[in-house]
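K.L.:
Mind having a look at this structure? Questions to follow.
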Amino acid sequence: MQRVSDLDEPITAIENGITALGARVHLFVRPEARDRFTALFRDVLDCAVAERDFGLPHPLLLVRFGDGSGFSVEFTDLAPADIPGDSVDDASALRGAWIEFRTTDLAGYRRRLREAGIRDFRHAGSDHVYFSAPGGQVFRLLDVSYDGP
């Protein structure tokens, strides 16, 4: 089995066991960020969004992409608090799962995110720009052709 420290060596597929990452992610966001979070994905990033009521205090938000993948969001007071302020940096970014989205218009969507006031920052271990959604979730955008870490 490959160790993390062996990053220079090619990683070979494991034939048995876990074989792939699924096409769905579930996030937790505080209720006060609900409208801004929904607007980010619906209005700025042009994603299909829908709410589903499962009897929780707030409906779940489903965000879908053209390839059938997507994520769901549960709005709950148990979610971590967002970092306040107009900016975020590597030291203050939410330490949860960071998400990667692919696009055919990387420059255009980065511009739209900045115009919408979505905070961005650089992570010390990466050359990519990261964004912090309302609620604190961190994501990056990559071109669909990007092949790398």
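Following the order of the structure tokens, chains are lettered A, B, ..., residues in each are numbered from 1, and ligands are numbered from 1.
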For the structure I just gave you, how does DSSP split chain A - specifically, which residues are strand (DSSP E)? Reply as an mmCIF file with C-alpha atoms, in the first residue's frame.

P.N.:
```
data_model
loop_
_atom_site.group_PDB
_atom_site.id
_atom_site.type_symbol
_atom_site.label_atom_id
_atom_site.label_comp_id
_atom_site.auth_asym_id
_atom_site.auth_seq_id
_atom_site.Cartn_x
_atom_site.Cartn_y
_atom_site.Cartn_z
ATOM 1 C CA ARG A 24 -22.691 13.098 -3.690
ATOM 2 C CA VAL A 25 -21.459 15.107 -0.709
ATOM 3 C CA HIS A 26 -23.480 16.276 2.331
ATOM 4 C CA LEU A 27 -22.590 19.555 4.055
ATOM 5 C CA PHE A 28 -23.731 21.245 7.250
ATOM 6 C CA VAL A 29 -24.280 25.023 7.245
ATOM 7 C CA ALA A 48 -29.635 23.768 -10.247
ATOM 8 C CA VAL A 49 -30.922 24.007 -6.669
ATOM 9 C CA ALA A 50 -34.006 22.548 -5.013
ATOM 10 C CA GLU A 51 -35.271 22.300 -1.461
ATOM 11 C CA ARG A 52 -36.605 19.068 0.027
ATOM 12 C CA LEU A 60 -32.422 20.367 2.825
ATOM 13 C CA LEU A 61 -30.889 22.146 -0.138
ATOM 14 C CA LEU A 62 -29.914 19.984 -3.108
ATOM 15 C CA VAL A 63 -27.348 21.409 -5.529
ATOM 16 C CA ARG A 64 -26.981 19.516 -8.807
ATOM 17 C CA GLY A 70 -24.186 17.170 -6.602
ATOM 18 C CA PHE A 71 -24.363 17.820 -2.924
ATOM 19 C CA SER A 72 -26.942 18.312 -0.214
ATOM 20 C CA VAL A 73 -26.885 20.871 2.563
ATOM 21 C CA GLU A 74 -28.425 20.534 5.984
ATOM 22 C CA PHE A 75 -28.989 23.844 7.741
ATOM 23 C CA TRP A 98 -12.718 21.234 1.123
ATOM 24 C CA ILE A 99 -14.541 20.695 -2.160
ATOM 25 C CA GLU A 100 -13.390 20.911 -5.763
ATOM 26 C CA PHE A 101 -15.664 21.958 -8.627
ATOM 27 C CA ARG A 102 -14.829 21.672 -12.340
ATOM 28 C CA THR A 103 -15.827 24.241 -14.953
ATOM 29 C CA ARG A 119 -13.979 35.641 -0.037
ATOM 30 C CA ASP A 120 -10.914 34.001 -1.606
ATOM 31 C CA PHE A 121 -7.494 33.037 -0.313
ATOM 32 C CA ARG A 122 -4.413 30.929 -1.037
ATOM 33 C CA VAL A 129 -7.262 29.972 -5.398
ATOM 34 C CA TYR A 130 -9.753 28.835 -2.739
ATOM 35 C CA PHE A 131 -13.104 30.428 -1.934
ATOM 36 C CA SER A 132 -15.105 30.464 1.289
ATOM 37 C CA VAL A 138 -14.135 26.023 1.338
ATOM 38 C CA PHE A 139 -13.979 25.152 -2.346
ATOM 39 C CA ARG A 140 -11.820 25.656 -5.384
ATOM 40 C CA LEU A 141 -12.682 25.814 -9.071
ATOM 41 C CA LEU A 142 -10.601 23.962 -11.642
ATOM 42 C CA ASP A 143 -10.798 23.736 -15.400
#
```

K.L.:
Which residues are near Gly148 (chain A)? Cut-off 12 Å, only C-alpha atoms, ignore same chain within fewer than 6 positions. Put them as a ChimeraX atom specification.

P.N.:
/A:126-128,142

K.L.:
Find the spatial neighbours of Gly117 (chain A), counting only C-alpha atoms, within a cut-off of 12 Å - ignore same-chain residues fewer than 4 positions away - and output them as a PDB file with C-alpha atoms, in the first residue's frame.

P.N.:
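The result, stored in selection.pdb:
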```
ATOM      1  CA  ARG A  36     -26.586  33.639   0.959  1.00  0.00           C
ATOM      2  CA  ALA A  39     -27.822  32.424  -3.812  1.00  0.00           C
ATOM      3  CA  LEU A  40     -24.123  31.634  -4.292  1.00  0.00           C
ATOM      4  CA  VAL A  44     -23.456  33.141  -9.060  1.00  0.00           C
ATOM      5  CA  GLY A  85     -15.312  39.567   8.347  1.00  0.00           C
ATOM      6  CA  ASP A  86     -14.767  40.561   4.758  1.00  0.00           C
ATOM      7  CA  SER A  87     -11.699  38.391   4.243  1.00  0.00           C
ATOM      8  CA  VAL A  88     -10.448  34.929   5.044  1.00  0.00           C
ATOM      9  CA  ARG A 110     -13.707  33.299 -10.584  1.00  0.00           C
ATOM     10  CA  ARG A 111     -14.649  36.809 -11.705  1.00  0.00           C
ATOM     11  CA  ARG A 112     -18.319  36.223 -10.818  1.00  0.00           C
ATOM     12  CA  LEU A 113     -17.372  34.925  -7.370  1.00  0.00           C
ATOM     13  CA  PHE A 131     -13.104  30.428  -1.934  1.00  0.00           C
ATOM     14  CA  SER A 132     -15.105  30.464   1.289  1.00  0.00           C
ATOM     15  CA  ALA A 133     -18.873  30.112   0.808  1.00  0.00           C
ATOM     16  CA  PRO A 134     -21.357  31.776   3.151  1.00  0.00           C
TER      17      PRO A 134
END
```

K.L.:
Just how far from CA of His123 (chain A) is CA of Thr19 (chain A), in Å to one decimal?

P.N.:
28.3 Å

K.L.:
Enumerate the residues of chain A with a DSSP assignment of helix (DSSP H, G or I), computed from the backbone, and present them as an MDAnalysis selection string.

P.N.:
chainID A and resid 4:6 31:44 106:115

K.L.:
Looking at A:Ala23, A:Ala97, A:Leu106, A:Ile118, which one is nearest to Phe65 (chain A), with distances taken over only C-alpha atoms?

P.N.:
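Among the listed residues, the smallest separation from Phe65 (chain A) belongs to A:Ala23.
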
K.L.:
Find, counting only C-alpha atoms, the residue in A:Asp82, A:Ala107, A:Ser69, A:Ser92 that gets nearest to Leu21 (chain A).

P.N.:
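Among the listed residues, A:Ser69 lies closest to Leu21 (chain A).
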
K.L.:
What is the distance between CA of Ala116 (chain A) and CA of Pro149 (chain A), in Å to one decimal?

P.N.:
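The value is 27.5 Å.
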
K.L.:
Which one of A:Val144, A:Ile83, A:Ala93, A:Leu78 sits closest to Arg30 (chain A) if you count only C-alpha atoms?

P.N.:
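Residue with the minimum atom-to-atom distance to Arg30 (chain A): A:Leu78.
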
K.L.:
Counting only C-alpha atoms, which of A:Pro84, A:Gly108, A:Pro59, A:Gly17 gets nearest to Arg34 (chain A)?

P.N.:
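Result for the nearest residue to Arg34 (chain A): A:Pro59.
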